[in-house]
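K.L.:
Pasting in a structure now, in structure tokens, and then I'll have a few things to ask.
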Amino acid sequence: MTSTLNTADTHHAPDEPMPLDEVDLADNDKFLDGVTPWRMFHTLRHQDPVHWQPEPEPNHGFWAVTRHEDIARVGRDAQTFTSTKFVNLEELDDDQIKKRASILELDGLRHRAMRSLLQRQFGQGVINEYADFLRGLTARTLDTALAKGTFDFVADVSADFPINVLARLLDVPPEDNQQLIDWGNRIIGNTDPDYADVLLHSEESEQYKDLPFRSPASLEVFEYGRELVRQRRGGTGTDLISRLVNQTPRDGVPLSAQDFDNYFLLLVVAGNETTRHTISHSMLALIQHPEQLTRLQEDPSLIPVAVEEFLRWATPVYHFRRTATRDVELGGKQVKEGDKVVMWYASGNRDEEVFGNPYDFDVTRRHNDHLTFGKGGPHLCLGNLLARTEIRIMFEELIPRLAGIRLAGDVPRVRSNFVNGIKKLPVEVTLA
Ligand code: HEM
């Protein structure tokens with residue numbers, strides 16, 4: 001097995017803790033090197049686990065919740081920590097919330113009704129029905145990429161696979177894949193100048209303030225989704241679009257055009273970036289920890305266990321936000337009604353109270369109670385079983401094909417304190 005480390009960073013126990021007064025979770029630039037975020041989280045967990053983080057105007061700051069136990073408490077208690085005021089850091093007025101809300105921003109009955117429209121489609125039973133399709137797709141993606149010898153693992157493997165799965169779930173032609181990937185990049189990458197048409201914090205973004213992620217690309221996604229609705233309304237299709245437009249939620253209130261737009265856009269952006277970055281981070285970790293790759297090569301039956309460690313290690317979504325509905329004490333701090341409360345899943349996934357040697361990447365780790373999909377609350381990731389299955393099948397197919405893999409260039413990160421993303425992962429492989 002050849003494996004040479006070059007310029008890419010890995011997550012490790014901070015050699016030197018970052019001084020508390022240098023921590024700034026609101027600064028997207030601090031998330032560019034793949035190391036500083038973990039130093040900030042370490043300091044916060046140890047010195048100020050529920051920390052008041054000021055933000056530049058027009059925002060008002062937020063509570064950064066960094067311990068596993070407190071994150072789980074916030075995620076579970078939707079009455080005290082509501083999603084209905086928005087779940088990203090941006091602060092929206094009531095009118096914007098009304099226009100932009102997806103199921104992420106609903107609580108209670110309506111949330112359950114909207115979620116249950118697709119719940120079965122994301123259950124293990126339905127996923128098992130297309131496991132063979134997933135395996136065939138993975139094999140094709142890998143054979144094409146690996147035959148190149150040297151290639152960008154992100155473009156050729158990690159990005160290609162989840163989008164093909166989405167295209168199948170939506171029943172749209174694979175020719176549309178690149179378009180779907182670009183939309184995801186432009187929308188979720190709204191703080192990265194390489195991706196965004198309009199940067200989230202720019203003045204220009206004001207004119208897009210009623211659109212998801214303030215991104216003009218959202219309009220293109222809406223138009224694409226609406227065309228699919230026109231084609232499928234009243235039909236007998238079993239794809240996700242047909243299910244959304246031809247079923248009535250169990251609270252009896254049909255989906256409005258806007259409900260559909262926002263649900264559809266969430267499906268397009270939620271599953272691709274996240275799964276893609278998990279696969280890239282996992283590959284990078286296996287390159288940087290070749291003894292862990294060897295373990296999986298020697299005993300592939302460990303891969304399902306390893307998937308949970310991949311998810312913990314990667315944490316592709318750094319955080320989601322809630323808003324306090326009343327004054328409440330949290331980790332010794334007095335949170336006031338209306339305050340933003342942010343669950344830093346990435347930090348909870350390195351919490352020493354929960355994970356033995358949390359900075360060790362250990363593919364045999366058991367009882368891996370990670371927070372990567374949220375924890376226990378009503379918004380637990382709808383696609384978690386699908387993502388887990390995709391990642392498992394990817395590595396079940398990849399690992400036996402590899403004799404060696406090494407980095408062949410720099411590993412740039414997405415400029416974002418929301419998505420923990422890898423833009424490029426140049427690799428050189430030798431085949432088994
Ligand atoms: C590794 C991959 C993924 C990660 C890390 C991830 C992460 C998350 C997290 C943390 C939440 C909770 C949001 C909150 O509490 O406010 C969430 C919700 C959600 N995810 Fe995922 N996700 C992944 C893959 C997927 C996939 C593949 C899909 C579907 C195609 C998907 C669809 C959704 C939806 C629809 C919700 C909203 C659920 C609700 O509000 O009830 N996700 N995801």
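By convention here, the chains of the structure tokens are called A, B, ... in the order presented, each chain's residues are numbered starting at 1, and ligands are numbered starting at 1 in the order presented.
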Enumerate, as an NGL selection string, the complete set of residues in segment 188-377 of chain A that a backbone-based DSSP assignment places in strand (DSSP E).

P.N.:
:A and (319-324 or 328-330 or 333-335 or 340-344)

K.L.:
Chain A near ligand 1 within 8 Å: what's each residue's closest atom pair and its distance in Å to one decimal, counting only C-alpha atoms and all ligand atoms, ordered by chain then ascending residue number, as a Markdown table?

P.N.:
| residue | atom | partner | partner_atom_place_in_ligand_line | distance |
| --- | --- | --- | --- | --- |
| A:Gly75 | CA | ligand 1 | 15 (O) | 6.7 |
| A:Ser83 | CA | ligand 1 | 16 (O) | 6.7 |
| A:Val87 | CA | ligand 1 | 16 (O) | 5.8 |
| A:Ser102 | CA | ligand 1 | 40 (O) | 7.7 |
| A:Ile103 | CA | ligand 1 | 40 (O) | 4.8 |
| A:Leu104 | CA | ligand 1 | 40 (O) | 3.6 |
| A:Glu105 | CA | ligand 1 | 40 (O) | 6.8 |
| A:Leu106 | CA | ligand 1 | 40 (O) | 7.2 |
| A:His111 | CA | ligand 1 | 41 (O) | 6.8 |
| A:Arg112 | CA | ligand 1 | 41 (O) | 7.6 |
| A:Arg115 | CA | ligand 1 | 41 (O) | 5.7 |
| A:Phe122 | CA | ligand 1 | 29 (C) | 7.7 |
| A:Pro162 | CA | ligand 1 | 27 (C) | 7.5 |
| A:Leu166 | CA | ligand 1 | 30 (C) | 6.5 |
| A:Tyr263 | CA | ligand 1 | 35 (C) | 7.5 |
| A:Leu266 | CA | ligand 1 | 35 (C) | 6.2 |
| A:Leu267 | CA | ligand 1 | 30 (C) | 5.2 |
| A:Val268 | CA | ligand 1 | 30 (C) | 7.1 |
| A:Ala270 | CA | ligand 1 | 31 (C) | 4.8 |
| A:Gly271 | CA | ligand 1 | 26 (C) | 3.3 |
| A:Asn272 | CA | ligand 1 | 27 (C) | 6.4 |
| A:Glu273 | CA | ligand 1 | 2 (C) | 7.7 |
| A:Thr274 | CA | ligand 1 | 2 (C) | 4.3 |
| A:Thr275 | CA | ligand 1 | 2 (C) | 4.1 |
| A:Arg276 | CA | ligand 1 | 1 (C) | 7.6 |
| A:His277 | CA | ligand 1 | 1 (C) | 7.6 |
| A:Thr278 | CA | ligand 1 | 1 (C) | 5.7 |
| A:Leu311 | CA | ligand 1 | 1 (C) | 6.5 |
| A:Thr315 | CA | ligand 1 | 5 (C) | 6.1 |
| A:Pro316 | CA | ligand 1 | 5 (C) | 5.3 |
| A:Val317 | CA | ligand 1 | 5 (C) | 5.6 |
| A:His319 | CA | ligand 1 | 10 (C) | 7.2 |
| A:Phe320 | CA | ligand 1 | 16 (O) | 5.4 |
| A:Arg321 | CA | ligand 1 | 16 (O) | 6.8 |
| A:Arg322 | CA | ligand 1 | 16 (O) | 7.7 |
| A:Tyr345 | CA | ligand 1 | 10 (C) | 7.8 |
| A:Leu371 | CA | ligand 1 | 10 (C) | 7.5 |
| A:Thr372 | CA | ligand 1 | 5 (C) | 5.1 |
| A:Phe373 | CA | ligand 1 | 10 (C) | 3.9 |
| A:Gly374 | CA | ligand 1 | 10 (C) | 4.3 |
| A:Lys375 | CA | ligand 1 | 15 (O) | 7.8 |
| A:Gly377 | CA | ligand 1 | 15 (O) | 7.2 |
| A:Pro378 | CA | ligand 1 | 41 (O) | 6.1 |
| A:His379 | CA | ligand 1 | 41 (O) | 3.7 |
| A:Leu380 | CA | ligand 1 | 12 (C) | 5.0 |
| A:Cys381 | CA | ligand 1 | 18 (C) | 3.5 |
| A:Leu382 | CA | ligand 1 | 33 (C) | 4.5 |
| A:Gly383 | CA | ligand 1 | 28 (C) | 3.6 |
| A:Asn384 | CA | ligand 1 | 24 (C) | 5.5 |
| A:Leu385 | CA | ligand 1 | 27 (C) | 7.9 |
| A:Leu386 | CA | ligand 1 | 27 (C) | 5.6 |
| A:Ala387 | CA | ligand 1 | 27 (C) | 4.6 |
| A:Arg388 | CA | ligand 1 | 1 (C) | 7.0 |

K.L.:
Can you pull out the residues contacting Arg76 of chain A? Cut-off 7 Å, using only C-alpha atoms, and skip same-chain residues under 2 positions away; I want them as a list in words.

P.N.:
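Returned residues: Ala72, Arg73, Val74, Ala78, Gly376 and Gly377 of chain A.
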
K.L.:
Find the residue from A:Ile181, A:Leu296, A:Met394, A:Leu32 that sits nearest to Arg140 of chain A; use only C-alpha atoms when measuring.

P.N.:
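When distances to Arg140 of chain A are compared using only C-alpha atoms, the smallest one comes from A:Met394.
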
K.L.:
Pick from A:Trp313, A:Tyr224, A:Phe355, A:Phe395: nearest to Asn420 of chain A, with only C-alpha atoms counted?

P.N.:
A:Trp313

K.L.:
What are the DSSP helix (DSSP H, G or I) residues of segment 190-263 of chain A, as a ChimeraX atom specification?

P.N.:
/A:203-208,212-214,217-232,240-246,257-263

K.L.:
With only C-alpha atoms as the atoms that count, which of A:Gln53, A:Thr238, A:Ser301, A:Gln119 lies nearest to Leu89 of chain A?

P.N.:
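Of the candidates, the smallest distance to Leu89 of chain A is held by A:Gln53.
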
K.L.:
What gap, in Å, lies between atom CA of Glu220 of chain A and atom CA of Leu170 of chain A?

P.N.:
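That distance, rounded to one decimal, is 16.4 Å.
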
K.L.:
Do a neighbour search on Gly61 of chain A at 8 Å with only C-alpha atoms, toss out local chain neighbours closer than 4 positions, and write the hits as a list in words.

P.N.:
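So the residues in contact are Trp52, Gln53, Pro54, Glu55, Pro56 and Lys340 of chain A.
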
K.L.:
Would you mind exporting the chosen residues as a compact mmCIF listing (two decimals), in the first residue's frame, restricted to all heavy atoms?

P.N.:
# COMPACT_ATOMS: atom_id res chain seq x y z
N TRP A 52 -21.40 32.63 24.03
CA TRP A 52 -22.06 33.68 23.24
C TRP A 52 -21.12 34.12 22.13
O TRP A 52 -20.04 34.64 22.39
CB TRP A 52 -22.47 34.87 24.11
CG TRP A 52 -23.15 35.91 23.25
CD1 TRP A 52 -22.63 37.10 22.87
CD2 TRP A 52 -24.44 35.80 22.64
NE1 TRP A 52 -23.51 37.76 22.04
CE2 TRP A 52 -24.64 36.98 21.88
CE3 TRP A 52 -25.45 34.82 22.63
CZ2 TRP A 52 -25.80 37.21 21.14
CZ3 TRP A 52 -26.60 35.07 21.89
CH2 TRP A 52 -26.78 36.24 21.16
N GLN A 53 -21.54 33.89 20.89
CA GLN A 53 -20.72 34.24 19.73
C GLN A 53 -21.30 35.49 19.06
O GLN A 53 -22.36 35.41 18.44
CB GLN A 53 -20.69 33.07 18.74
CG GLN A 53 -20.02 33.37 17.41
CD GLN A 53 -18.54 33.65 17.57
OE1 GLN A 53 -17.78 32.78 17.94
NE2 GLN A 53 -18.13 34.89 17.29
N PRO A 54 -20.62 36.63 19.16
CA PRO A 54 -21.11 37.82 18.44
C PRO A 54 -21.00 37.60 16.94
O PRO A 54 -20.19 36.80 16.48
CB PRO A 54 -20.14 38.93 18.88
CG PRO A 54 -19.38 38.39 20.04
CD PRO A 54 -19.38 36.89 19.91
N GLU A 55 -21.81 38.33 16.19
CA GLU A 55 -21.77 38.25 14.71
C GLU A 55 -21.77 39.66 14.13
O GLU A 55 -22.30 40.58 14.75
CB GLU A 55 -23.03 37.56 14.18
CG GLU A 55 -23.12 36.09 14.40
CD GLU A 55 -24.43 35.57 13.83
OE1 GLU A 55 -25.49 35.86 14.44
OE2 GLU A 55 -24.41 34.93 12.78
N PRO A 56 -21.24 39.81 12.91
CA PRO A 56 -21.33 41.11 12.25
C PRO A 56 -22.80 41.45 11.97
O PRO A 56 -23.61 40.56 11.73
CB PRO A 56 -20.58 40.91 10.93
CG PRO A 56 -19.92 39.57 11.00
CD PRO A 56 -20.56 38.80 12.10
N LYS A 340 -30.77 33.04 19.24
CA LYS A 340 -30.39 31.92 18.35
C LYS A 340 -29.52 30.94 19.15
O LYS A 340 -28.62 31.37 19.88
CB LYS A 340 -29.59 32.43 17.15
CG LYS A 340 -30.39 33.30 16.21
CD LYS A 340 -29.67 33.51 14.88
CE LYS A 340 -28.48 34.42 15.00
NZ LYS A 340 -27.84 34.71 13.70
